[in-house]
>>> print(open('work03.cif').read())   # mmCIF, C-alpha atoms and all ligand atoms
data_query
loop_
_atom_site.label_atom_id
_atom_site.label_comp_id
_atom_site.auth_asym_id
_atom_site.auth_seq_id
_atom_site.Cartn_x
_atom_site.Cartn_y
_atom_site.Cartn_z
CA MET A 1 194.49 117.96 -186.08
CA ASN A 2 193.25 118.98 -182.66
CA THR A 3 195.29 121.57 -180.87
CA PHE A 4 196.73 121.38 -177.39
CA PRO A 5 198.59 124.13 -175.57
CA SER A 6 202.30 123.98 -176.43
CA ASP A 7 203.21 123.41 -172.78
CA PHE A 8 200.83 120.46 -172.51
CA VAL A 9 202.62 117.58 -170.78
CA TRP A 10 202.88 114.34 -172.78
CA GLY A 11 203.85 111.32 -170.74
CA ALA A 12 203.46 107.64 -169.99
CA ALA A 13 202.73 105.83 -166.74
CA THR A 14 203.75 102.64 -164.96
CA ALA A 15 203.61 101.26 -161.41
CA SER A 16 206.31 99.65 -159.28
CA TYR A 17 204.85 96.17 -158.75
CA GLN A 18 203.76 95.90 -162.36
CA ILE A 19 207.19 96.46 -163.90
CA GLU A 20 210.09 96.39 -161.43
CA GLY A 21 210.49 92.71 -160.60
CA ALA A 22 213.45 92.22 -158.21
CA TRP A 23 210.80 91.40 -155.61
CA ASN A 24 213.30 90.46 -152.92
CA ALA A 25 216.51 92.00 -154.26
CA ASP A 26 218.85 94.26 -152.30
CA GLY A 27 216.91 94.13 -149.04
CA LYS A 28 213.41 94.79 -150.36
CA GLY A 29 210.68 93.66 -147.95
CA GLU A 30 207.63 91.62 -148.89
CA SER A 31 204.56 93.55 -150.05
CA ILE A 32 200.93 92.48 -150.02
CA TRP A 33 201.15 91.92 -153.77
CA ASP A 34 204.12 89.58 -153.33
CA ARG A 35 202.12 87.63 -150.76
CA PHE A 36 198.92 87.67 -152.83
CA SER A 37 200.50 86.66 -156.13
CA HIS A 38 202.45 83.88 -154.40
CA THR A 39 199.16 82.46 -153.10
CA PRO A 40 197.95 79.83 -155.61
CA GLY A 41 194.67 80.65 -157.33
CA LYS A 42 194.69 84.41 -156.86
CA ILE A 43 196.13 85.40 -160.25
CA ILE A 44 195.27 84.03 -163.67
CA ASN A 45 197.86 81.44 -164.63
CA ASN A 46 199.38 81.94 -161.14
CA ASP A 47 201.52 84.70 -162.65
CA ASN A 48 203.41 86.97 -160.27
CA GLY A 49 205.53 90.11 -160.31
CA ASP A 50 208.78 88.45 -159.20
CA VAL A 51 210.50 89.45 -162.46
CA ALA A 52 207.83 91.40 -164.40
CA CYS A 53 209.65 93.68 -166.90
CA ASP A 54 212.86 93.50 -164.84
CA HIS A 55 212.73 97.28 -164.89
CA TYR A 56 214.75 97.36 -161.64
CA HIS A 57 217.75 96.22 -163.67
CA ARG A 58 216.77 97.61 -167.07
CA TYR A 59 215.56 101.09 -166.16
CA ARG A 60 218.27 102.70 -168.29
CA ASP A 61 216.99 100.93 -171.41
CA ASP A 62 213.47 102.00 -170.50
CA VAL A 63 214.46 105.64 -170.01
CA ARG A 64 216.12 105.48 -173.42
CA LEU A 65 212.82 104.28 -174.91
CA MET A 66 211.06 107.21 -173.24
CA ARG A 67 213.51 109.60 -174.83
CA GLN A 68 213.05 107.98 -178.23
CA ILE A 69 209.29 108.38 -177.93
CA GLY A 70 209.84 112.00 -176.93
CA LEU A 71 208.08 111.85 -173.55
CA ARG A 72 208.22 115.02 -171.51
CA ALA A 73 207.11 113.29 -168.34
CA TYR A 74 207.11 109.85 -166.76
CA ARG A 75 204.73 108.75 -164.02
CA PHE A 76 206.00 105.88 -161.87
CA SER A 77 205.36 104.67 -158.34
CA ILE A 78 207.64 103.97 -155.42
CA SER A 79 207.54 100.58 -153.75
CA TRP A 80 207.15 101.31 -150.03
CA SER A 81 208.59 97.94 -148.99
CA ARG A 82 211.65 98.49 -151.20
CA VAL A 83 212.62 101.59 -149.25
CA ILE A 84 211.24 100.66 -145.79
CA PRO A 85 211.09 96.84 -145.78
CA ASN A 86 208.82 96.63 -142.71
CA GLY A 87 206.79 99.70 -143.56
CA VAL A 88 208.11 101.52 -140.48
CA GLY A 89 211.57 101.81 -139.00
CA ALA A 90 214.77 100.78 -140.75
CA VAL A 91 215.39 102.34 -144.15
CA ASN A 92 216.79 100.24 -147.02
CA GLU A 93 219.36 102.55 -148.60
CA LYS A 94 219.81 100.29 -151.61
CA GLY A 95 216.13 100.63 -152.38
CA ILE A 96 216.32 104.41 -152.22
CA ASP A 97 219.41 104.29 -154.45
CA PHE A 98 217.32 102.69 -157.19
CA TYR A 99 214.85 105.59 -157.27
CA ASP A 100 217.75 108.04 -157.02
CA ARG A 101 219.35 106.57 -160.13
CA LEU A 102 216.02 106.40 -161.96
CA VAL A 103 215.22 110.05 -161.27
CA ASP A 104 218.71 111.15 -162.31
CA ALA A 105 218.43 109.17 -165.53
CA LEU A 106 215.08 110.82 -166.27
CA LEU A 107 216.35 114.31 -165.59
CA GLU A 108 219.36 113.73 -167.82
CA GLU A 109 216.89 113.22 -170.65
CA ASN A 110 214.76 116.19 -169.62
CA ILE A 111 211.90 113.93 -168.63
CA GLU A 112 209.93 115.30 -165.68
CA PRO A 113 209.35 112.68 -162.97
CA TYR A 114 205.84 112.34 -161.51
CA ALA A 115 206.07 110.09 -158.45
CA THR A 116 203.14 108.19 -156.97
CA LEU A 117 203.75 107.22 -153.35
CA TYR A 118 201.25 104.39 -153.23
CA HIS A 119 200.23 102.23 -156.16
CA TRP A 120 198.92 99.30 -154.11
CA ASP A 121 202.03 97.46 -152.85
CA LEU A 122 201.68 97.90 -149.09
CA PRO A 123 204.47 96.37 -146.97
CA GLN A 124 203.15 93.01 -145.78
CA ALA A 125 204.43 93.80 -142.27
CA LEU A 126 201.90 96.64 -142.08
CA GLN A 127 199.10 94.43 -143.42
CA ASP A 128 199.92 92.04 -140.58
CA LYS A 129 198.97 94.87 -138.22
CA GLY A 130 195.72 95.63 -140.02
CA GLY A 131 197.03 97.61 -142.99
CA TRP A 132 194.69 100.33 -144.25
CA GLY A 133 192.06 99.11 -141.82
CA ASN A 134 194.17 100.25 -138.86
CA ARG A 135 194.14 103.99 -138.21
CA ASP A 136 197.87 103.87 -137.42
CA ILE A 137 198.40 103.75 -141.19
CA ILE A 138 197.88 107.50 -141.36
CA GLY A 139 201.04 108.28 -139.38
CA GLN A 140 202.95 105.46 -141.05
CA PHE A 141 202.11 106.78 -144.52
CA ALA A 142 203.06 110.31 -143.44
CA ASP A 143 206.46 109.07 -142.20
CA TYR A 144 207.10 107.18 -145.43
CA THR A 145 206.11 110.30 -147.40
CA ALA A 146 208.51 112.38 -145.31
CA LEU A 147 211.37 109.99 -146.04
CA MET A 148 210.86 109.92 -149.79
CA SER A 149 210.15 113.61 -150.19
CA LYS A 150 213.27 114.50 -148.19
CA ARG A 151 215.43 112.21 -150.31
CA LEU A 152 213.97 112.98 -153.72
CA GLY A 153 212.16 116.30 -153.29
CA ASP A 154 215.16 118.25 -154.56
CA ARG A 155 214.50 116.67 -157.97
CA ILE A 156 210.86 115.56 -157.95
CA LYS A 157 208.28 118.37 -157.80
CA TYR A 158 205.21 116.42 -158.89
CA TRP A 159 203.96 114.03 -156.23
CA ALA A 160 200.76 112.02 -156.04
CA THR A 161 199.80 110.47 -152.72
CA LEU A 162 197.57 107.57 -153.78
CA ASN A 163 196.66 105.80 -156.98
CA GLU A 164 192.96 104.94 -157.22
CA PRO A 165 191.62 104.77 -153.66
CA TRP A 166 188.42 103.15 -155.03
CA VAL A 167 190.37 100.12 -156.24
CA ILE A 168 192.42 99.85 -153.05
CA ALA A 169 189.36 99.98 -150.81
CA PHE A 170 186.85 97.99 -152.79
CA MET A 171 188.83 95.48 -154.86
CA GLY A 172 191.27 94.90 -152.01
CA HIS A 173 188.77 94.72 -149.14
CA ARG A 174 185.24 94.17 -150.51
CA SER A 175 185.43 91.97 -153.61
CA GLY A 176 188.80 90.53 -152.59
CA GLU A 177 190.02 90.36 -156.20
CA HIS A 178 193.14 92.32 -155.26
CA ALA A 179 195.60 92.14 -152.39
CA PRO A 180 195.08 91.80 -149.48
CA GLY A 181 192.08 89.79 -150.74
CA LEU A 182 189.58 90.64 -148.00
CA LYS A 183 185.79 90.57 -148.40
CA ASP A 184 184.27 92.83 -145.78
CA GLU A 185 182.19 95.81 -146.86
CA ALA A 186 182.29 97.72 -143.58
CA LEU A 187 186.07 97.30 -143.47
CA SER A 188 186.38 98.48 -147.08
CA LEU A 189 184.52 101.68 -146.18
CA GLN A 190 186.72 102.29 -143.15
CA VAL A 191 189.73 101.65 -145.39
CA SER A 192 188.50 104.24 -147.89
CA HIS A 193 188.29 106.78 -145.06
CA HIS A 194 191.78 105.98 -143.75
CA LEU A 195 193.13 106.26 -147.29
CA LEU A 196 191.68 109.74 -147.64
CA VAL A 197 192.91 110.97 -144.25
CA ALA A 198 196.36 109.52 -144.98
CA HIS A 199 196.31 111.32 -148.33
CA GLY A 200 195.62 114.63 -146.58
CA ALA A 201 198.33 113.99 -143.99
CA ALA A 202 200.81 113.26 -146.78
CA ILE A 203 199.85 116.48 -148.55
CA ASP A 204 200.84 118.42 -145.40
CA VAL A 205 204.16 116.57 -145.27
CA LEU A 206 204.91 117.25 -148.94
CA ARG A 207 204.20 120.97 -148.46
CA ALA A 208 206.51 121.10 -145.46
CA THR A 209 209.30 119.20 -147.19
CA VAL A 210 209.45 120.01 -150.90
CA ARG A 211 210.14 123.51 -152.20
CA ASP A 212 207.73 124.49 -155.01
CA VAL A 213 205.94 121.19 -154.56
CA LYS A 214 203.09 120.18 -156.84
CA ALA A 215 201.09 117.88 -154.61
CA GLY A 216 198.11 115.86 -155.81
CA ILE A 217 196.22 112.57 -155.92
CA VAL A 218 195.11 110.16 -158.67
CA ILE A 219 191.51 108.97 -158.85
CA ASN A 220 189.93 106.43 -161.18
CA LEU A 221 186.57 107.49 -162.57
CA TRP A 222 184.03 105.43 -164.52
CA PRO A 223 180.97 107.36 -165.62
CA SER A 224 177.71 105.48 -165.98
CA GLU A 225 175.59 106.19 -169.03
CA THR A 226 172.17 104.76 -169.81
CA MET A 227 170.86 102.79 -172.75
CA HIS A 228 167.19 103.84 -172.79
CA ASN A 229 167.21 106.72 -170.32
CA THR A 230 164.38 105.22 -168.32
CA GLU A 231 163.86 106.62 -164.84
CA GLN A 232 165.12 103.38 -163.37
CA GLU A 233 168.31 103.37 -165.46
CA LEU A 234 168.97 107.00 -164.62
CA GLN A 235 168.57 106.23 -160.92
CA ILE A 236 171.08 103.37 -161.14
CA ALA A 237 173.55 105.55 -163.01
CA HIS A 238 173.15 108.29 -160.41
CA ASP A 239 173.67 105.89 -157.50
CA MET A 240 176.77 104.42 -159.11
CA TRP A 241 178.28 107.85 -159.67
CA GLN A 242 177.62 108.75 -156.05
CA ARG A 243 178.94 105.54 -154.50
CA ASP A 244 181.98 105.05 -156.72
CA ASN A 245 183.07 108.53 -157.73
CA ALA A 246 181.49 111.18 -155.49
CA TRP A 247 182.46 109.01 -152.49
CA PHE A 248 186.05 110.11 -153.18
CA LEU A 249 185.58 113.41 -155.03
CA ASP A 250 183.28 115.05 -152.48
CA PRO A 251 185.48 114.58 -149.40
CA ILE A 252 188.57 115.77 -151.28
CA PHE A 253 187.05 118.74 -153.11
CA ARG A 254 184.10 119.64 -150.86
CA GLY A 255 185.13 118.40 -147.45
CA SER A 256 182.17 116.08 -146.91
CA TYR A 257 180.95 112.65 -147.92
CA PRO A 258 177.83 112.58 -150.13
CA ALA A 259 174.89 112.49 -147.70
CA ASP A 260 172.86 110.01 -149.76
CA VAL A 261 175.72 107.52 -149.75
CA LEU A 262 176.30 107.87 -146.00
CA GLU A 263 172.61 107.21 -145.51
CA PHE A 264 172.72 104.23 -147.86
CA TYR A 265 175.56 102.60 -145.90
CA GLY A 266 173.99 103.39 -142.52
CA ALA A 267 175.79 101.47 -139.76
CA ARG A 268 178.48 100.29 -142.19
CA ALA A 269 179.61 103.89 -142.84
CA PRO A 270 183.12 104.66 -141.64
CA LYS A 271 183.95 106.08 -138.24
CA ILE A 272 185.02 109.69 -138.79
CA LEU A 273 186.96 111.57 -136.09
CA PRO A 274 186.85 115.33 -135.53
CA GLY A 275 189.29 117.05 -137.87
CA ASP A 276 189.29 114.25 -140.45
CA MET A 277 187.26 116.06 -143.09
CA ALA A 278 189.46 119.16 -142.90
CA GLN A 279 192.53 116.93 -143.19
CA ILE A 280 191.11 115.16 -146.25
CA SER A 281 190.15 118.34 -148.10
CA ARG A 282 193.52 120.10 -148.15
CA ASP A 283 194.12 122.28 -151.22
CA LEU A 284 195.85 120.43 -154.03
CA ASP A 285 198.12 121.77 -156.77
CA TRP A 286 196.86 119.23 -159.28
CA TRP A 287 194.91 116.05 -159.50
CA GLY A 288 194.97 113.06 -161.82
CA VAL A 289 192.11 111.18 -163.45
CA ASN A 290 192.52 107.62 -164.65
CA TYR A 291 189.97 106.98 -167.36
CA TYR A 292 189.38 103.80 -169.34
CA ALA A 293 185.72 103.36 -170.21
CA ARG A 294 182.10 103.96 -169.26
CA HIS A 295 179.58 101.62 -167.71
CA MET A 296 176.46 101.23 -169.80
CA ILE A 297 173.34 100.76 -167.70
CA GLY A 298 170.48 98.88 -169.29
CA ALA A 299 172.64 97.23 -171.94
CA ASP A 300 171.89 93.55 -172.04
CA GLY A 301 175.33 92.51 -173.28
CA PRO A 302 177.57 94.57 -175.57
CA VAL A 303 176.37 97.94 -176.85
CA PRO A 304 175.41 97.50 -180.52
CA GLY A 305 178.12 98.90 -182.79
CA SER A 306 180.63 99.30 -179.98
CA GLU A 307 184.11 97.85 -179.87
CA TYR A 308 185.54 96.19 -176.74
CA THR A 309 189.10 95.72 -175.50
CA GLU A 310 190.64 92.52 -174.15
CA MET A 311 189.49 93.65 -170.70
CA GLY A 312 185.92 93.73 -172.00
CA TRP A 313 185.94 97.51 -171.66
CA GLU A 314 184.03 99.53 -174.26
CA VAL A 315 185.95 101.85 -176.60
CA TYR A 316 183.85 105.00 -176.57
CA ALA A 317 185.60 108.35 -176.22
CA PRO A 318 182.54 110.69 -176.20
CA ALA A 319 181.79 109.49 -172.65
CA PHE A 320 185.27 110.71 -171.66
CA GLU A 321 184.61 114.21 -172.97
CA ARG A 322 181.22 114.34 -171.26
CA MET A 323 182.72 113.24 -167.96
CA LEU A 324 185.53 115.82 -168.08
CA VAL A 325 183.03 118.60 -168.70
CA ARG A 326 180.77 117.30 -165.93
CA LEU A 327 183.63 117.32 -163.41
CA HIS A 328 184.52 120.85 -164.45
CA ASN A 329 180.91 121.99 -164.00
CA GLU A 330 180.23 120.25 -160.69
CA TYR A 331 183.43 120.80 -158.70
CA ARG A 332 185.93 123.55 -158.01
CA LEU A 333 189.03 121.75 -159.15
CA PRO A 334 192.77 122.28 -159.32
CA PRO A 335 194.47 121.71 -162.71
CA MET A 336 193.72 118.25 -164.01
CA TYR A 337 195.95 115.63 -165.63
CA ILE A 338 194.90 112.40 -167.26
CA THR A 339 197.27 110.15 -165.36
CA GLU A 340 196.19 106.90 -167.05
CA ASN A 341 194.36 106.08 -170.26
CA GLY A 342 194.89 103.20 -172.63
CA ALA A 343 193.70 99.83 -173.84
CA ALA A 344 194.62 96.14 -173.79
CA PHE A 345 194.53 94.27 -177.07
CA ALA A 346 195.86 90.85 -178.13
CA ASP A 347 199.07 92.03 -179.76
CA VAL A 348 201.03 89.91 -182.21
CA VAL A 349 204.73 90.29 -182.98
CA GLU A 350 205.71 90.11 -186.61
CA ASP A 351 209.22 90.87 -187.83
CA ASP A 352 210.17 92.46 -184.52
CA TYR A 353 207.25 94.86 -184.68
CA VAL A 354 203.70 95.01 -183.38
CA TYR A 355 201.06 96.55 -185.60
CA ASP A 356 198.26 97.67 -183.22
CA PRO A 357 195.89 99.99 -185.10
CA ARG A 358 193.10 99.41 -182.59
CA ARG A 359 195.22 100.85 -179.78
CA VAL A 360 196.18 103.78 -182.01
CA ASN A 361 192.50 104.39 -182.67
CA TYR A 362 191.73 104.25 -178.94
CA LEU A 363 194.44 106.79 -178.16
CA GLU A 364 193.54 109.06 -181.07
CA THR A 365 189.85 109.25 -180.20
CA HIS A 366 190.56 109.83 -176.52
CA LEU A 367 193.01 112.63 -177.27
CA ASP A 368 190.34 114.16 -179.50
CA ALA A 369 187.90 114.01 -176.61
CA MET A 370 190.45 115.81 -174.42
CA ALA A 371 191.01 118.54 -176.97
CA ASN A 372 187.25 119.07 -177.14
CA ALA A 373 187.03 119.22 -173.36
CA ILE A 374 189.82 121.80 -173.24
CA ALA A 375 187.96 123.88 -175.83
CA ARG A 376 184.92 123.67 -173.55
CA GLY A 377 186.85 125.14 -170.63
CA VAL A 378 188.31 122.14 -168.80
CA ASP A 379 191.69 122.97 -167.26
CA LEU A 380 193.58 119.93 -168.50
CA ARG A 381 197.37 120.15 -168.39
CA GLY A 382 198.77 116.77 -169.33
CA TYR A 383 198.27 113.17 -170.43
CA PHE A 384 199.96 109.92 -169.45
CA VAL A 385 199.28 106.88 -171.57
CA TRP A 386 198.81 103.59 -169.71
CA SER A 387 201.24 102.10 -170.18
CA LEU A 388 204.79 102.57 -171.35
CA LEU A 389 205.38 98.79 -171.23
CA ASP A 390 203.27 95.66 -171.26
CA ASN A 391 203.28 94.58 -167.64
CA PHE A 392 201.77 92.54 -164.79
CA GLU A 393 198.09 93.41 -164.99
CA TRP A 394 197.21 92.53 -161.37
CA ALA A 395 194.72 89.66 -161.06
CA PHE A 396 194.95 89.11 -164.84
CA GLY A 397 198.69 88.50 -164.85
CA TYR A 398 200.63 88.98 -168.08
CA GLY A 399 197.77 88.13 -170.43
CA LYS A 400 196.49 91.69 -170.80
CA ARG A 401 198.87 93.91 -172.73
CA PHE A 402 198.42 97.66 -172.21
CA GLY A 403 201.88 98.81 -173.34
CA ILE A 404 202.80 100.99 -176.27
CA ILE A 405 206.03 99.00 -176.08
CA TYR A 406 205.69 95.22 -176.25
CA ILE A 407 207.57 93.03 -173.79
CA ASP A 408 208.62 89.50 -174.64
CA PHE A 409 208.49 88.17 -171.08
CA GLU A 410 210.73 85.21 -171.97
CA THR A 411 213.63 87.30 -173.22
CA GLN A 412 212.75 90.74 -171.79
CA GLN A 413 213.11 92.14 -175.28
CA ARG A 414 211.38 95.50 -175.76
CA ILE A 415 209.60 95.71 -179.11
CA TRP A 416 208.05 98.79 -180.66
CA LYS A 417 204.37 98.87 -181.35
CA GLU A 418 202.79 101.08 -183.98
CA SER A 419 201.11 102.96 -181.10
CA ALA A 420 204.48 104.03 -179.67
CA LYS A 421 205.56 105.28 -183.08
CA TRP A 422 202.23 107.03 -183.54
CA TYR A 423 202.52 108.67 -180.09
CA ALA A 424 206.08 109.80 -180.82
CA ASN A 425 204.93 111.49 -184.04
CA PHE A 426 201.95 113.01 -182.30
CA ILE A 427 204.10 114.51 -179.55
CA ARG A 428 206.59 115.88 -182.03
CA ALA A 429 203.86 117.48 -184.16
CA HIS A 430 202.11 119.07 -181.18
CA GLN A 431 205.21 120.45 -179.60
CA MET A 432 206.05 122.31 -182.78
CA GLN A 433 202.75 124.12 -182.83
CA PRO A 434 202.75 127.77 -181.81
CA ALA A 435 201.35 128.34 -178.32
C1 LIG B 1 194.32 100.92 -163.34
C2 LIG B 1 195.60 100.78 -162.55
C3 LIG B 1 196.79 100.43 -163.38
C4 LIG B 1 196.46 99.48 -164.49
C5 LIG B 1 195.24 99.92 -165.26
C6 LIG B 1 194.87 99.02 -166.40
O1 LIG B 1 193.23 100.67 -162.50
O2 LIG B 1 195.89 101.97 -161.86
O3 LIG B 1 197.79 99.96 -162.51
O4 LIG B 1 196.36 98.20 -164.00
O5 LIG B 1 194.16 100.03 -164.39
#
>>> encode(input="work03.cif", output="structure tokens", more="lines below")
Ligand code: FCB
Amino acid sequence: MNTFPSDFVWGAATASYQIEGAWNADGKGESIWDRFSHTPGKIINNDNGDVACDHYHRYRDDVRLMRQIGLRAYRFSISWSRVIPNGVGAVNEKGIDFYDRLVDALLEENIEPYATLYHWDLPQALQDKGGWGNRDIIGQFADYTALMSKRLGDRIKYWATLNEPWVIAFMGHRSGEHAPGLKDEALSLQVSHHLLVAHGAAIDVLRATVRDVKAGIVINLWPSETMHNTEQELQIAHDMWQRDNAWFLDPIFRGSYPADVLEFYGARAPKILPGDMAQISRDLDWWGVNYYARHMIGADGPVPGSEYTEMGWEVYAPAFERMLVRLHNEYRLPPMYITENGAAFADVVEDDYVYDPRRVNYLETHLDAMANAIARGVDLRGYFVWSLLDNFEWAFGYGKRFGIIYIDFETQQRIWKESAKWYANFIRAHQMQPA
């Protein structure tokens, strides 16, 4: 059995729009994901998050599940339009009450809350004014951050500003697969810049507001590996790393965009104002990596011998270890957490139980990779499985199940999977090890 430090944080992650439901309850405003999922043709099966896991009403049951699994930490996100229905101005106290109760319930069970301020559900009222494409978003996000950190900062120390700026910018504004569904490359690049400046502004707010704050950001990273290591494949892999990953890592951890990528985009590159790069590259107390799979360049179809998830993502943990070590070697980084990692498989319920050995194998091999990376010097402090519950998987709707707990979306019954039981045993065993 691989060893982890005894204070290693074992958790699970979710996001507001994917689990809460209650899309217009108690004064919540419309978000871009409400609008998008209510637009026919955007989501497989025209699914939407109106009810999702009904976590808004069932959070106590879900916190009980977390305790049964033995989680030490829970990563969730706050729905901006639930607490400020129009994005700016009037506060919805009932919305804040929900997060108040959730945090209290977590703390009662000794589960450390990790709050993400933005996991994609922008208030529609702000989108109507240009959303992340309008520079005003920086101040609006800072004000929202101030509100939440003042209300919850006495109990929440761990804050993340954004979840996956790459996905927000490029799937929301370039490919249009996600809300707000725009297809404009220059806009998507300007959005990525506004996201990063807003992140930095929110970091300043968190520092000013929360005593002993642990302020960070969550970034999704896909490494590219090559099939035949030809010069051409290696060049493609390099370019993809630069444009997808370094485009976010460099500004945050080095204070500058990668020069080759700026040159590549030319006139489409974002407009950067004086002071922006210093604002973006504020010191962080931690950062989160969401890791699912690698890209394989030069593979004409599936990689021979490899297994694939329901998302079509390869199961291959050695690439995870290599990427963690690479990050450690190339950047000066604050402590790192894996804030999402997991797999979707076609789960089947039998006798009120789901036997999901493939998910167990995915988790086991990826935890092994982490242990190896730690042994090689990577400062990794915690792990959050994606996800606690099956949930609304964005453009894929409810068809892709990532949970370690199964949800029957007809009855809202929560059903244990083997992977949840396995994770519970794993956590118990590792917490008993001497430091
Ligand atoms: C990540 C998202 C998360 C979930 C997983 C599968 O990109 O952050 O909400 O959808 O993918």
>>> closest_atom_pairs(input="work03.cif", of="chain A", to="ligand LIG 1 (chain B)", cutoff="7 Å", atoms="all atoms listed in the file", output="Markdown table")
| residue | atom | partner | partner_atom | distance |
| --- | --- | --- | --- | --- |
| A:Thr14 | CA | B:LIG1 | O3 | 7.0 |
| A:Ala15 | CA | B:LIG1 | O3 | 6.1 |
| A:Asn163 | CA | B:LIG1 | O2 | 6.3 |
| A:Glu164 | CA | B:LIG1 | O2 | 6.2 |
| A:Val167 | CA | B:LIG1 | O1 | 6.9 |
| A:Asn220 | CA | B:LIG1 | O1 | 6.8 |
| A:Trp386 | CA | B:LIG1 | C5 | 6.8 |
| A:Glu393 | CA | B:LIG1 | O4 | 5.2 |
| A:Trp394 | CA | B:LIG1 | O4 | 6.3 |
| A:Phe402 | CA | B:LIG1 | C6 | 6.9 |
>>> closest_residue(input="work03.cif", among="A:Ala344, A:Met66, A:Ala52, A:Leu187", to="Glu310 of chain A", atoms="all atoms listed in the file")
A:Ala344
>>> atom_distance(input="work03.cif", atom1="atom CA of Ala293 of chain A", atom2="atom CA of Ala319 of chain A")
7.7 Å
>>> closest_residue(input="work03.cif", among="A:Lys129, A:Lys28, A:Lys150, A:Arg428", to="Phe98 of chain A", atoms="all atoms listed in the file")
A:Lys28
>>> atom_distance(input="work03.cif", atom1="atom CA of Ala346 of chain A", atom2="atom CA of His295 of chain A")
22.1 Å
>>> residues_around(input="work03.cif", residues="Leu102 of chain A", least_positions_apart="4", cutoff="8 Å", atoms="only C-alpha atoms", output="MDAnalysis selection string")
chainID A and resid 59:60 98 106
>>> axis_aligned_box(input="work03.cif", around="segment 302-318 of chain A", padding_each_side="6 Å", output="JSON")
{"center_x": 183.0, "center_y": 101.6, "center_z": -176.7, "size_x": 27.2, "size_y": 30.2, "size_z": 24.1}
>>> residues_around(input="work03.cif", residues="segment 213-215 of chain A", least_positions_apart="6", cutoff="6 Å", atoms="all atoms listed in the file", output="PyMOL selection string")
chain A and resi 157-159+284-285
>>> residues_around(input="work03.cif", residues="segment 83-85 of chain A", least_positions_apart="6", cutoff="6 Å", atoms="all atoms listed in the file", output="PDB file with C-alpha atoms, in the coordinates of the input")
ATOM      1  CA  LYS A  28     213.410  94.790-150.360  1.00  0.00           C
ATOM      2  CA  GLY A  29     210.680  93.660-147.950  1.00  0.00           C
ATOM      3  CA  VAL A  91     215.390 102.340-144.150  1.00  0.00           C
ATOM      4  CA  ASN A  92     216.790 100.240-147.020  1.00  0.00           C
ATOM      5  CA  GLY A  95     216.130 100.630-152.380  1.00  0.00           C
ATOM      6  CA  ILE A  96     216.320 104.410-152.220  1.00  0.00           C
TER       7      ILE A  96
END
